[in-house]
Every structure is written in C-alpha cells, then in structure tokens.
$ cat protein-v5.txt   # compact mmCIF, C-alpha atoms
# COMPACT_ATOMS: atom_id res chain seq x y z
CA MET A 11 0.00 0.00 0.00
CA SER A 12 1.34 3.42 -0.96
CA GLU A 13 1.61 6.35 1.40
CA LEU A 14 -1.39 7.96 -0.28
CA GLY A 15 -3.36 4.75 0.15
CA ASP A 16 -2.47 4.72 3.86
CA THR A 17 -3.62 8.31 4.21
CA ILE A 18 -6.93 7.56 2.51
CA ARG A 19 -7.46 4.57 4.78
CA GLU A 20 -6.76 6.75 7.82
CA VAL A 21 -9.34 9.31 6.72
CA ILE A 22 -11.95 6.59 6.20
CA GLU A 23 -11.26 5.01 9.59
CA ARG A 24 -10.90 8.26 11.57
CA GLU A 25 -13.70 10.45 10.23
CA PRO A 26 -17.30 9.85 11.32
CA VAL A 27 -18.52 10.58 7.79
CA ALA A 28 -16.05 10.68 4.89
CA LEU A 29 -17.26 11.88 1.50
CA PHE A 30 -14.93 11.45 -1.47
CA MET A 31 -16.26 13.75 -4.16
CA LYS A 32 -15.42 15.78 -7.22
CA GLY A 33 -14.82 19.31 -6.00
CA ASN A 34 -15.55 20.59 -2.50
CA PRO A 35 -18.63 21.91 -0.71
CA ARG A 36 -18.02 25.42 -2.09
CA PHE A 37 -17.33 24.30 -5.66
CA VAL A 38 -19.08 21.04 -6.39
CA MET A 39 -17.85 19.75 -9.74
CA CYS A 40 -20.29 16.91 -10.35
CA GLY A 41 -24.03 16.38 -10.05
CA ASN A 42 -23.68 13.04 -8.28
CA SER A 43 -21.30 14.45 -5.71
CA ASP A 44 -23.83 17.21 -5.14
CA ARG A 45 -26.62 14.69 -4.58
CA ALA A 46 -24.60 12.78 -1.99
CA LEU A 47 -23.52 15.94 -0.18
CA GLY A 48 -27.08 17.28 -0.21
CA ALA A 49 -28.52 14.11 1.33
CA LEU A 50 -25.92 14.13 4.13
CA ARG A 51 -26.42 17.84 4.78
CA ALA A 52 -30.18 17.42 4.98
CA LEU A 53 -29.64 15.10 7.95
CA GLY A 54 -27.11 17.39 9.59
CA ALA A 55 -24.34 14.83 9.27
CA PRO A 56 -20.80 15.94 10.09
CA VAL A 57 -19.08 15.61 6.72
CA THR A 58 -15.37 15.35 6.06
CA VAL A 59 -14.81 15.98 2.38
CA VAL A 60 -11.95 14.76 0.24
CA ASP A 61 -11.72 16.18 -3.27
CA VAL A 62 -10.49 13.47 -5.65
CA LEU A 63 -9.84 15.83 -8.55
CA PRO A 64 -6.41 17.32 -7.64
CA ASP A 65 -4.64 14.06 -8.49
CA PRO A 66 -5.92 10.98 -10.38
CA ARG A 67 -4.04 8.75 -7.95
CA ILE A 68 -6.49 9.65 -5.17
CA ARG A 69 -9.32 8.06 -7.10
CA GLN A 70 -7.21 5.04 -8.10
CA GLU A 71 -6.09 4.34 -4.54
CA LEU A 72 -9.57 4.91 -3.14
CA SER A 73 -11.20 2.52 -5.60
CA ALA A 74 -8.50 -0.08 -4.95
CA LEU A 75 -9.29 0.17 -1.22
CA SER A 76 -13.07 0.21 -1.44
CA GLY A 77 -13.59 -1.94 -4.52
CA TRP A 78 -16.03 0.73 -5.68
CA PRO A 79 -15.35 2.16 -9.14
CA THR A 80 -17.29 5.43 -9.12
CA ILE A 81 -17.30 8.79 -7.32
CA PRO A 82 -18.78 9.92 -4.94
CA GLN A 83 -18.19 7.41 -2.16
CA VAL A 84 -19.63 7.84 1.32
CA PHE A 85 -18.22 6.11 4.39
CA VAL A 86 -19.90 6.20 7.79
CA GLY A 87 -17.97 4.90 10.78
CA GLY A 88 -15.31 3.50 8.47
CA GLU A 89 -17.70 1.51 6.28
CA LEU A 90 -18.77 2.17 2.71
CA VAL A 91 -22.44 3.10 2.66
CA GLY A 92 -22.63 3.79 -1.05
CA GLY A 93 -22.49 6.20 -3.93
CA ALA A 94 -24.99 8.91 -4.81
CA ASP A 95 -27.84 6.59 -5.84
CA ILE A 96 -27.65 4.49 -2.69
CA ILE A 97 -27.29 7.51 -0.41
CA GLU A 98 -30.38 9.11 -1.94
CA GLU A 99 -32.34 5.89 -1.78
CA LEU A 100 -31.38 5.33 1.87
CA ALA A 101 -32.18 8.95 2.70
CA GLU A 102 -35.66 8.55 1.22
CA SER A 103 -36.35 5.31 3.08
CA GLY A 104 -35.03 6.67 6.40
CA GLU A 105 -32.26 4.09 6.55
CA LEU A 106 -29.53 6.69 6.18
CA LEU A 107 -30.72 8.33 9.40
CA ASP A 108 -30.76 4.92 11.09
CA THR A 109 -27.22 4.21 9.90
CA LEU A 110 -25.91 7.58 11.11
CA ARG A 111 -27.51 7.10 14.53
CA ALA A 112 -26.39 3.51 14.85
CA ARG A 113 -22.77 4.12 13.88
CA LEU A 114 -22.20 7.63 15.25
CA GLY A 115 -24.67 7.91 18.11
CA GLU A 116 -28.02 9.67 18.56
CA ASP A 117 -26.38 13.11 18.82
CA TYR A 118 -24.38 12.77 15.61
CA ALA A 119 -25.97 15.78 13.87
CA THR A 120 -23.42 18.53 14.36
CA GLY A 121 -23.60 19.60 10.73
CA GLU A 122 -19.88 20.35 10.78
CA GLU A 123 -18.14 20.31 7.44
CA ARG A 124 -14.45 20.17 6.81
CA VAL A 125 -12.18 19.50 3.88
CA VAL A 126 -9.11 17.30 4.00
CA ASP A 127 -6.45 18.05 1.41
CA LEU A 128 -4.61 14.80 0.69
CA MET A 129 -2.02 16.49 -1.48
CA THR A 130 -0.64 18.66 1.32
CA PRO A 131 1.81 16.53 3.35
CA ALA A 132 1.39 18.08 6.81
CA ARG A 133 -2.01 17.73 8.37
CA MET B 14 -34.94 7.84 -25.87
CA LYS B 15 -32.77 6.39 -28.62
CA ALA B 16 -30.64 3.33 -28.03
CA THR B 17 -27.04 4.34 -28.68
CA ALA B 18 -24.45 1.64 -29.44
CA PRO B 19 -23.00 1.63 -25.90
CA THR B 20 -26.53 1.24 -24.52
CA VAL B 21 -26.89 -2.01 -26.43
CA THR B 22 -23.47 -3.21 -25.20
CA LEU B 23 -24.39 -2.49 -21.59
CA GLN B 24 -27.76 -4.16 -22.00
CA GLU B 25 -26.07 -7.28 -23.41
CA LEU B 26 -23.45 -7.40 -20.64
CA LEU B 27 -26.13 -7.13 -17.97
CA ALA B 28 -28.43 -9.65 -19.67
CA GLY B 29 -25.48 -12.06 -19.79
CA ALA B 30 -24.64 -11.53 -16.11
CA PHE B 31 -28.26 -11.55 -14.92
CA PRO B 32 -30.16 -13.96 -17.19
CA GLU B 33 -32.76 -14.40 -14.44
CA ALA B 34 -33.55 -10.65 -14.20
CA THR B 35 -37.23 -9.81 -14.01
CA GLU B 36 -36.58 -6.23 -15.08
CA LEU B 37 -33.62 -4.87 -17.00
CA ALA B 38 -33.34 -1.51 -18.70
CA VAL B 39 -30.45 0.69 -19.78
CA HIS B 40 -31.17 4.30 -20.65
CA ASP B 41 -28.81 6.76 -22.26
CA ARG B 42 -29.64 9.75 -20.06
CA THR B 43 -28.20 12.44 -22.28
CA GLY B 44 -28.13 10.78 -25.71
CA GLY B 45 -24.36 11.25 -25.69
CA GLY B 46 -23.55 7.59 -25.21
CA ASP B 47 -21.74 7.93 -21.89
CA HIS B 48 -24.29 8.80 -19.17
CA PHE B 49 -26.42 5.79 -18.30
CA GLN B 50 -29.22 4.74 -16.02
CA VAL B 51 -29.50 1.05 -15.23
CA VAL B 52 -32.67 -0.41 -13.74
CA LEU B 53 -32.35 -4.01 -12.65
CA SER B 54 -34.54 -6.32 -10.62
CA THR B 55 -33.60 -9.89 -9.89
CA PRO B 56 -34.33 -12.52 -7.23
CA ARG B 57 -30.56 -12.72 -6.69
CA PHE B 58 -30.64 -9.34 -4.96
CA VAL B 59 -33.04 -10.45 -2.24
CA GLY B 60 -31.28 -10.18 1.12
CA LEU B 61 -28.29 -8.29 -0.29
CA SER B 62 -27.42 -4.76 0.84
CA LEU B 63 -27.65 -2.03 -1.79
CA VAL B 64 -23.85 -1.82 -1.74
CA ASP B 65 -23.58 -5.51 -2.60
CA GLN B 66 -26.30 -5.21 -5.26
CA HIS B 67 -24.50 -2.32 -6.93
CA ARG B 68 -21.18 -4.16 -6.67
CA LEU B 69 -22.62 -6.98 -8.78
CA VAL B 70 -23.75 -4.45 -11.40
CA TYR B 71 -20.31 -2.84 -11.39
CA ASP B 72 -18.71 -6.29 -11.79
CA ALA B 73 -20.83 -6.99 -14.86
CA LEU B 74 -19.89 -3.61 -16.34
CA ALA B 75 -16.21 -3.67 -15.32
CA GLY B 76 -15.05 -3.44 -18.96
CA PRO B 77 -16.95 -0.31 -20.02
CA LEU B 78 -16.30 1.27 -16.60
CA ALA B 79 -12.55 0.76 -16.96
CA ASP B 80 -12.22 1.81 -20.60
CA GLY B 81 -14.09 5.08 -20.19
CA THR B 82 -17.24 4.10 -22.14
CA ILE B 83 -19.22 4.88 -19.01
CA HIS B 84 -18.66 8.42 -17.84
CA GLU B 85 -21.57 8.37 -15.41
CA LEU B 86 -23.71 5.52 -14.20
CA ARG B 87 -26.91 5.65 -12.20
CA ILE B 88 -28.16 2.41 -10.75
CA ARG B 89 -31.53 1.40 -9.35
CA THR B 90 -31.72 -2.18 -8.18
CA LYS B 91 -34.34 -4.29 -6.47
CA GLY B 92 -34.60 -7.82 -5.18
CA THR B 93 -37.74 -9.41 -6.57
CA PRO B 94 -39.25 -12.48 -4.98

$ encode --input "protein-v5.txt" --output "structure tokens"
Amino acid sequence: MSELGDTIREVIEREPVALFMKGNPRFVMCGNSDRALGALRALGAPVTVVDVLPDPRIRQELSALSGWPTIPQVFVGGELVGGADIIEELAESGELLDTLRARLGEDYATGEERVVDLMTPAR
Amino acid sequence: MKATAPTVTLQELLAGAFPEATELAVHDRTGGGDHFQVVLSTPRFVGLSLVDQHRLVYDALAGPLADGTIHELRIRTKGTP
C-alpha cells in the first residue's frame, strides 16, 4: 500500500462521515457528488470531504481500497455506505438516518463540514 | 430515448450476467452515449445490501467502466421475490 493509500485509509477510519467527491462543498464539480452531499447535509451529518480531482491517484487508490469504481463514495464509521444513488435511496427510506444514529450515536448531527487536502503533506 | 451503441453493449453485458432478471433496462440519459441509467430487478438481490447489489452491477460492467465508455452511471436495483 502506498503512502497515499495509507492516508486515505486513515481518513476513512478516523472520520465519522467521509465523503470522497469531485470538488468541494463550495465548488461542487459533479451532479452526483452534489446529490450525496445534499442528502448528508439534509440530515445534519458531520461531513469530512476529500476532493479526488487534484490528483488521479487519489481516485485510483480509493477505488483499490473500497472496490467501488465510481465517485462519490460515502463512508460512515469506516464503512462504505454507497455512492450517490444508494445515499439518496437510503435517505428517502429513512435508513440513512438509522445508519448515522447507529454508527455515530443519537447526537451525531453537528452539521460540521471540513475538507481534507490529501495532497498537502502536513495535516 | 434512442438506443445508442454503448446502450446495447451495456444491455447485453447485464443480460449475460443476470439472465434471471425480471426487469432490465439501460437508458442513455443524455443521448451522448456515456451517461447511463440502469434499472435491474432480480431474485438474486433479495437479502443483499444495496452496496452488494450495486457491486454486482459494477462487476458486470467492469469493462466499459474501466475503458471510459461509461462516464456516469446511475443504478436502481431491487430484489424481486
């Protein structure tokens, strides 16, 4: 596993909700990333965003780790919950709320958003 | 919606991977031949999580996903009894 792969794994395991997307919350560069972010925001989830666009290796390493070929990818409590279609479907059925509560606790909804830049060495 | 050449390829790949499907449709969302919507229902999906259901669709479409034929893919799956 490369250093970048290790860093991605750390983000997935450490962050309550990790969203790998195209762009960032201020400049969303893809409709599907926007759908996933919107569904998480609607539930007040704390979202840690990683933009995959700065370097194609981010996406390659992420997909190698998750076995999921497309972007966005949403992880809650270290586990892949899905891409945009699944996140929307689970949001509609109420299961996304159940998952957030079950994995992060009843008081998960801080609504905090932050961006992790994988291409800057010091964090 | 017209059936572009890649639409037919995707349809054939999915039909080959899921011969038992009760519902299978591939739509070219933009007509540009690279944004697709897949709708797939099969008894094989019963009891599987959505992540696992979508993984099986991705597996069937690994070729066109890897070679860039598919720029964007929307998936709607269902387990049918």

$ closest_atom_pairs --input "protein-v5.txt" --of "region 44-92 of chain B" --to "region 68-92 of chain A" --cutoff "12 Å" --atoms "all atoms listed in the file" --output "JSON lines"
{"residue": "B:Ser62", "atom": "CA", "partner": "A:Val91", "partner_atom": "CA", "distance": 9.5}
{"residue": "B:Leu63", "atom": "CA", "partner": "A:Gly92", "partner_atom": "CA", "distance": 7.7}
{"residue": "B:Val64", "atom": "CA", "partner": "A:Gly92", "partner_atom": "CA", "distance": 5.8}
{"residue": "B:Asp65", "atom": "CA", "partner": "A:Gly92", "partner_atom": "CA", "distance": 9.5}
{"residue": "B:Gln66", "atom": "CA", "partner": "A:Gly92", "partner_atom": "CA", "distance": 10.6}
{"residue": "B:His67", "atom": "CA", "partner": "A:Gly92", "partner_atom": "CA", "distance": 8.7}
{"residue": "B:Arg68", "atom": "CA", "partner": "A:Trp78", "partner_atom": "CA", "distance": 7.2}
{"residue": "B:Leu69", "atom": "CA", "partner": "A:Trp78", "partner_atom": "CA", "distance": 10.6}
{"residue": "B:Val70", "atom": "CA", "partner": "A:Trp78", "partner_atom": "CA", "distance": 10.9}
{"residue": "B:Tyr71", "atom": "CA", "partner": "A:Pro79", "partner_atom": "CA", "distance": 7.4}
{"residue": "B:Asp72", "atom": "CA", "partner": "A:Pro79", "partner_atom": "CA", "distance": 9.5}
{"residue": "B:Leu74", "atom": "CA", "partner": "A:Pro79", "partner_atom": "CA", "distance": 10.3}
{"residue": "B:Ala75", "atom": "CA", "partner": "A:Pro79", "partner_atom": "CA", "distance": 8.5}
{"residue": "B:Gly76", "atom": "CA", "partner": "A:Pro79", "partner_atom": "CA", "distance": 11.3}
{"residue": "B:Pro77", "atom": "CA", "partner": "A:Pro79", "partner_atom": "CA", "distance": 11.3}
{"residue": "B:Leu78", "atom": "CA", "partner": "A:Pro79", "partner_atom": "CA", "distance": 7.6}
{"residue": "B:Ala79", "atom": "CA", "partner": "A:Pro79", "partner_atom": "CA", "distance": 8.4}
{"residue": "B:Asp80", "atom": "CA", "partner": "A:Pro79", "partner_atom": "CA", "distance": 11.9}
{"residue": "B:Gly81", "atom": "CA", "partner": "A:Pro79", "partner_atom": "CA", "distance": 11.5}
{"residue": "B:Ile83", "atom": "CA", "partner": "A:Thr80", "partner_atom": "CA", "distance": 10.1}
{"residue": "B:His84", "atom": "CA", "partner": "A:Thr80", "partner_atom": "CA", "distance": 9.3}
{"residue": "B:Glu85", "atom": "CA", "partner": "A:Thr80", "partner_atom": "CA", "distance": 8.2}
{"residue": "B:Leu86", "atom": "CA", "partner": "A:Thr80", "partner_atom": "CA", "distance": 8.2}
{"residue": "B:Arg87", "atom": "CA", "partner": "A:Thr80", "partner_atom": "CA", "distance": 10.1}
{"residue": "B:Ile88", "atom": "CA", "partner": "A:Gly92", "partner_atom": "CA", "distance": 11.3}

$ residues_around --input "protein-v5.txt" --residues "Thr20 (chain B)" --least-positions-apart "3" --cutoff "7 Å" --atoms "only C-alpha atoms" --output "ChimeraX atom specification"
/B:16-17,23-24,39-41

$ write_last_selection --input "protein-v5.txt" --atoms "C-alpha atoms" --output "PDB file, in the coordinates of the input"
ATOM      1  CA  ALA B  16     -30.640   3.330 -28.030  1.00  0.00           C
ATOM      2  CA  THR B  17     -27.040   4.340 -28.680  1.00  0.00           C
ATOM      3  CA  LEU B  23     -24.390  -2.490 -21.590  1.00  0.00           C
ATOM      4  CA  GLN B  24     -27.760  -4.160 -22.000  1.00  0.00           C
ATOM      5  CA  VAL B  39     -30.450   0.690 -19.780  1.00  0.00           C
ATOM      6  CA  HIS B  40     -31.170   4.300 -20.650  1.00  0.00           C
ATOM      7  CA  ASP B  41     -28.810   6.760 -22.260  1.00  0.00           C
TER       8      ASP B  41
END

$ residues_near_point --input "protein-v5.txt" --point "(-21.9, 11.7, -2.9)" --cutoff "6 Å" --atoms "all atoms listed in the file" --output "list in words"
Asn42, Ser43, Arg45, Ala46, Leu47, Pro82, Gln83, Gly93 and Ala94 of chain A

$ write_last_selection --input "protein-v5.txt" --atoms "C-alpha atoms" --output "mmCIF file, in the coordinates of the input"
data_model
loop_
_atom_site.group_PDB
_atom_site.id
_atom_site.type_symbol
_atom_site.label_atom_id
_atom_site.label_comp_id
_atom_site.auth_asym_id
_atom_site.auth_seq_id
_atom_site.Cartn_x
_atom_site.Cartn_y
_atom_site.Cartn_z
ATOM 1 C CA ASN A 42 -23.680 13.040 -8.280
ATOM 2 C CA SER A 43 -21.300 14.450 -5.710
ATOM 3 C CA ARG A 45 -26.620 14.690 -4.580
ATOM 4 C CA ALA A 46 -24.600 12.780 -1.990
ATOM 5 C CA LEU A 47 -23.520 15.940 -0.180
ATOM 6 C CA PRO A 82 -18.780 9.920 -4.940
ATOM 7 C CA GLN A 83 -18.190 7.410 -2.160
ATOM 8 C CA GLY A 93 -22.490 6.200 -3.930
ATOM 9 C CA ALA A 94 -24.990 8.910 -4.810
#

$ residues_around --input "protein-v5.txt" --residues "Leu53 (chain B)" --least-positions-apart "5" --cutoff "8 Å" --atoms "all atoms listed in the file" --output "list of chain:residue names"
B:Ala34, B:Thr35, B:Glu36, B:Leu37, B:Ala38, B:Ile88, B:Arg89, B:Thr90, B:Lys91

$ residues_around --input "protein-v5.txt" --residues "region 103-109 of chain A" --least-positions-apart "5" --cutoff "9 Å" --atoms "all atoms listed in the file" --output "count of residues only"
8

$ atom_distance --input "protein-v5.txt" --atom1 "CA of Ala28 (chain A)" --atom2 "CA of Ser12 (chain A)"
19.7 Å

$ closest_residue --input "protein-v5.txt" --among "A:Gly41, A:Gly54, A:Gly115, A:Pro26" --to "His48 (chain B)" --atoms "all atoms listed in the file"
A:Gly41

$ residues_near_point --input "protein-v5.txt" --point "(-18.0, 24.1, 0.6)" --cutoff "10 Å" --atoms "only C-alpha atoms" --output "JSON list (two decimals) with C-alpha atoms, in the coordinates of the input"
[["chain", "number", "residue", "atom", "x", "y", "z"],
["A", 33, "GLY", "CA", -14.82, 19.31, -6.00],
["A", 34, "ASN", "CA", -15.55, 20.59, -2.50],
["A", 35, "PRO", "CA", -18.63, 21.91, -0.71],
["A", 36, "ARG", "CA", -18.02, 25.42, -2.09],
["A", 37, "PHE", "CA", -17.33, 24.30, -5.66],
["A", 38, "VAL", "CA", -19.08, 21.04, -6.39],
["A", 47, "LEU", "CA", -23.52, 15.94, -0.18],
["A", 59, "VAL", "CA", -14.81, 15.98, 2.38],
["A", 123, "GLU", "CA", -18.14, 20.31, 7.44],
["A", 124, "ARG", "CA", -14.45, 20.17, 6.81],
["A", 125, "VAL", "CA", -12.18, 19.50, 3.88]]

$ closest_residue --input "protein-v5.txt" --among "A:Ile96, A:Val27, A:Met129, A:Val57" --to "chain B" --atoms "only C-alpha atoms"
A:Ile96

$ atom_distance --input "protein-v5.txt" --atom1 "CA of Asp65 (chain A)" --atom2 "CA of Asp44 (chain A)"
19.7 Å

$ axis_aligned_box --input "protein-v5.txt" --around "region 66-70 of chain A" --padding-each-side "6 Å" --output "lines of an AutoDock Vina configuration file"
center_x = -6.7
center_y = 8.0
center_z = -7.8
size_x = 17.3
size_y = 17.9
size_z = 17.2

$ atom_distance --input "protein-v5.txt" --atom1 "CA of Val59 (chain B)" --atom2 "CA of Val21 (chain B)"
26.3 Å

$ closest_residue --input "protein-v5.txt" --among "A:Glu25, A:Asp95, A:Thr120, A:Thr130" --to "chain B" --atoms "all atoms listed in the file"
A:Asp95

$ closest_residue --input "protein-v5.txt" --among "A:Pro66, A:Glu99, A:Arg51, A:Glu20" --to "chain B" --atoms "only C-alpha atoms"
A:Glu99
